[in-house]
Amino acid sequence: MFGLDDSFDLGEEEPPARSLIDPAQWIQAQRDNAVALADAALTVGRLDQLIIGLTPDMRQGALLRLAVIETEAMLWGQGTPLRREEIGRDLMDARAATDLDAMKLARWAIRRLEGQTALTDLRAFLALHRTDHTATGAAPFASRPMGRDFDDAARDFLSAFDRFSALHPLARAGAVQVAWRMAELSNPEDLIESAVWVGRDMARRCEALSFVPLGRHGRRVWLGGGEAASRLPKYLDAIRQGASEACQQLSRLFTWAEQAKSATRTIKGDNSARVIAALMTRPLLTTAMVEEHAGISRDTAERLLRRMQSEGIVREVTGTRRFRLWTAAD
């Protein structure tokens, strides 16, 4: 844990450690990387506008898809690999037995990436009101401050964060993540909690995005170190590439929808189009959910899903005996 007063004193920390979160150095790095920051912001803005243009249901579905992909990347970066299909099945309460702690952490991350809980209430953000003190699902947090010690650490972190207010949200991400680790708000081995908080903070100026996705590119920076001059360019590149890939992922989904509509144009009526629209609202749907979203009968939903599966338009993702889960074959 570290304490911060008005002079940004880090107590007994050595100068190199203090310089990692020196606002002046990050402000200078932002100036030196103005072009890279503009490129990253433009790409994030393009993704934000892409989501703004969607219907409310599709917007919610797009954010959930991106959150699942981001959570998968974070878990792999932390050495706890879970595939997005497993995470999706768990969200539907239809998964086989797997790493329960990792899945618990995945559920927490997705809820927060979707926008739940204010960033300023760190105790609620980390779900530390839970009596087991392992609310986010990782191993017991023996090294995380508890009680008043945690409240002190949280205040220290938020005080440090306030000192980065002159920085663009995308430019301060690396500094904020270092400040989180120095405050010891999470286990040293945990990268997900700080990465989720920073992902949310980066999206503060976005209209539709609840977080800025880094995807697989986040692994280069979530646990990285270094001073502002070397760290900021890496972070901005990860942001640009992550947002660009998120645009591509959504574009593939839109292309799938158009191709699916073309492939089913010989089917009478608009039921197939309704099924396609339903499958764009969530990464996975049960037959009953397709029935509800599309406003069709269960028999019609089952018949259309089987036909679309035979034509390679949809995939079945096996859950448990009680469920058959469907997804777009994009």
# chains A, B, ... in the order shown; residues from 1 in each chain; ligands from 1

$ residues_around --residues "range 179-194 of chain A" --least-positions-apart "4" --cutoff "7 Å" --atoms "only C-alpha atoms" --output "JSON, numbers by chain"
{"A": [1, 2, 21, 74, 78, 141, 143, 144, 145, 153, 156, 157, 160, 175, 198, 222, 223]}

$ closest_residue --among "A:Gln177, A:Thr71, A:Ser210, A:Gln25" --to "Thr117 in chain A" --atoms "only C-alpha atoms"
A:Ser210

$ atom_distance --atom1 "CA of Arg240 in chain A" --atom2 "CA of Val196 in chain A"
17.3 Å

$ closest_residue --among "A:Thr55, A:Ser230, A:Ser262, A:Gln241" --to "Glu311 in chain A" --atoms "only C-alpha atoms"
A:Ser262

$ residues_around --residues "Ala36 in chain A" --least-positions-apart "4" --cutoff "12 Å" --atoms "only C-alpha atoms" --output "count of residues only"
20

$ residues_around --residues "Ala208 in chain A" --least-positions-apart "3" --cutoff "7 Å" --atoms "only C-alpha atoms" --output "list in words"
Asp48, Ile51 and Ile52 of chain A

$ write_last_selection --atoms "N, CA and C atoms" --output "short mmCIF file (atom, residue, chain, number, x, y, z; two decimals), in the first residue's frame"
data_model
loop_
_atom_site.label_atom_id
_atom_site.label_comp_id
_atom_site.auth_asym_id
_atom_site.auth_seq_id
_atom_site.Cartn_x
_atom_site.Cartn_y
_atom_site.Cartn_z
N ASP A 48 -17.05 2.99 -31.35
CA ASP A 48 -18.16 3.56 -30.59
C ASP A 48 -19.31 3.94 -31.51
N ILE A 51 -21.31 0.93 -32.78
CA ILE A 51 -22.26 0.40 -31.81
C ILE A 51 -23.43 1.34 -31.60
N ILE A 52 -23.19 2.64 -31.65
CA ILE A 52 -24.27 3.61 -31.51
C ILE A 52 -25.35 3.39 -32.57
#

$ closest_residue --among "A:Arg315, A:Arg84, A:His217, A:Lys268" --to "Gly242 in chain A" --atoms "only C-alpha atoms"
A:His217

$ closest_residue --among "A:Asp330, A:Glu85, A:Glu72, A:Asp57" --to "Thr318 in chain A" --atoms "only C-alpha atoms"
A:Glu85

$ select_by_dssp --residues "range 111-222 of chain A" --states "helix (DSSP H, G or I)" --output "PyMOL selection string"
chain A and resi 111-113+122-125+147-162+173-182+192-202+215-220

$ atom_distance --atom1 "CA of Val44 in chain A" --atom2 "CA of Arg112 in chain A"
19.0 Å

$ residues_around --residues "range 269-285 of chain A" --least-positions-apart "3" --cutoff "6 Å" --atoms "only C-alpha atoms" --output "JSON, numbers by chain"
{"A": [57, 58, 61, 65, 289, 293, 294, 325, 326, 327]}

$ write_last_selection --atoms "C-alpha atoms" --output "PDB file, in the first residue's frame"
ATOM      1  CA  ASP A  57     -30.999  -5.196 -28.450  1.00  0.00           C
ATOM      2  CA  MET A  58     -28.165  -5.486 -30.944  1.00  0.00           C
ATOM      3  CA  GLY A  61     -25.536  -8.050 -27.735  1.00  0.00           C
ATOM      4  CA  ARG A  65     -19.832 -10.310 -27.316  1.00  0.00           C
ATOM      5  CA  MET A 289     -34.857 -17.782 -26.387  1.00  0.00           C
ATOM      6  CA  HIS A 293     -36.834 -13.073 -29.456  1.00  0.00           C
ATOM      7  CA  ALA A 294     -38.150 -13.977 -32.893  1.00  0.00           C
ATOM      8  CA  LEU A 325     -27.369 -23.632 -27.494  1.00  0.00           C
ATOM      9  CA  TRP A 326     -27.111 -21.888 -30.857  1.00  0.00           C
ATOM     10  CA  THR A 327     -24.742 -19.296 -32.240  1.00  0.00           C
TER      11      THR A 327
END

$ atom_distance --atom1 "CA of Leu209 in chain A" --atom2 "CA of Arg107 in chain A"
18.7 Å

$ closest_residue --among "A:Leu119, A:Ile313, A:Val68, A:Leu128" --to "Ala106 in chain A" --atoms "only C-alpha atoms"
A:Val68

$ residues_around --residues "Ala67 in chain A" --least-positions-apart "2" --cutoff "9 Å" --atoms "only C-alpha atoms" --output "PyMOL selection string"
chain A and resi 62-65+69-72+109-111+113-114+211+213

$ residues_around --residues "Ala24 in chain A" --least-positions-apart "2" --cutoff "10 Å" --atoms "only C-alpha atoms" --output "JSON, numbers by chain"
{"A": [19, 21, 22, 26, 27, 28, 29, 30, 163, 164, 166, 167, 228]}

$ write_last_selection --atoms "C-alpha atoms" --output "mmCIF file, in the first residue's frame"
data_model
loop_
_atom_site.group_PDB
_atom_site.id
_atom_site.type_symbol
_atom_site.label_atom_id
_atom_site.label_comp_id
_atom_site.auth_asym_id
_atom_site.auth_seq_id
_atom_site.Cartn_x
_atom_site.Cartn_y
_atom_site.Cartn_z
ATOM 1 C CA SER A 19 8.703 8.041 -11.508
ATOM 2 C CA ILE A 21 3.376 7.324 -11.795
ATOM 3 C CA ASP A 22 4.809 10.830 -12.037
ATOM 4 C CA TRP A 26 3.015 10.974 -18.427
ATOM 5 C CA ILE A 27 1.911 14.410 -19.631
ATOM 6 C CA GLN A 28 5.193 14.750 -21.509
ATOM 7 C CA ALA A 29 4.802 11.261 -22.957
ATOM 8 C CA GLN A 30 1.300 12.190 -24.123
ATOM 9 C CA ARG A 163 -3.542 13.480 -10.461
ATOM 10 C CA PHE A 164 -3.840 12.038 -13.964
ATOM 11 C CA ALA A 166 -5.050 16.243 -17.249
ATOM 12 C CA LEU A 167 -4.330 13.162 -19.350
ATOM 13 C CA ALA A 228 5.893 6.610 -19.352
#

$ closest_residue --among "A:Ala329, A:Arg204, A:Gly225, A:Arg155" --to "Leu253 in chain A" --atoms "only C-alpha atoms"
A:Ala329
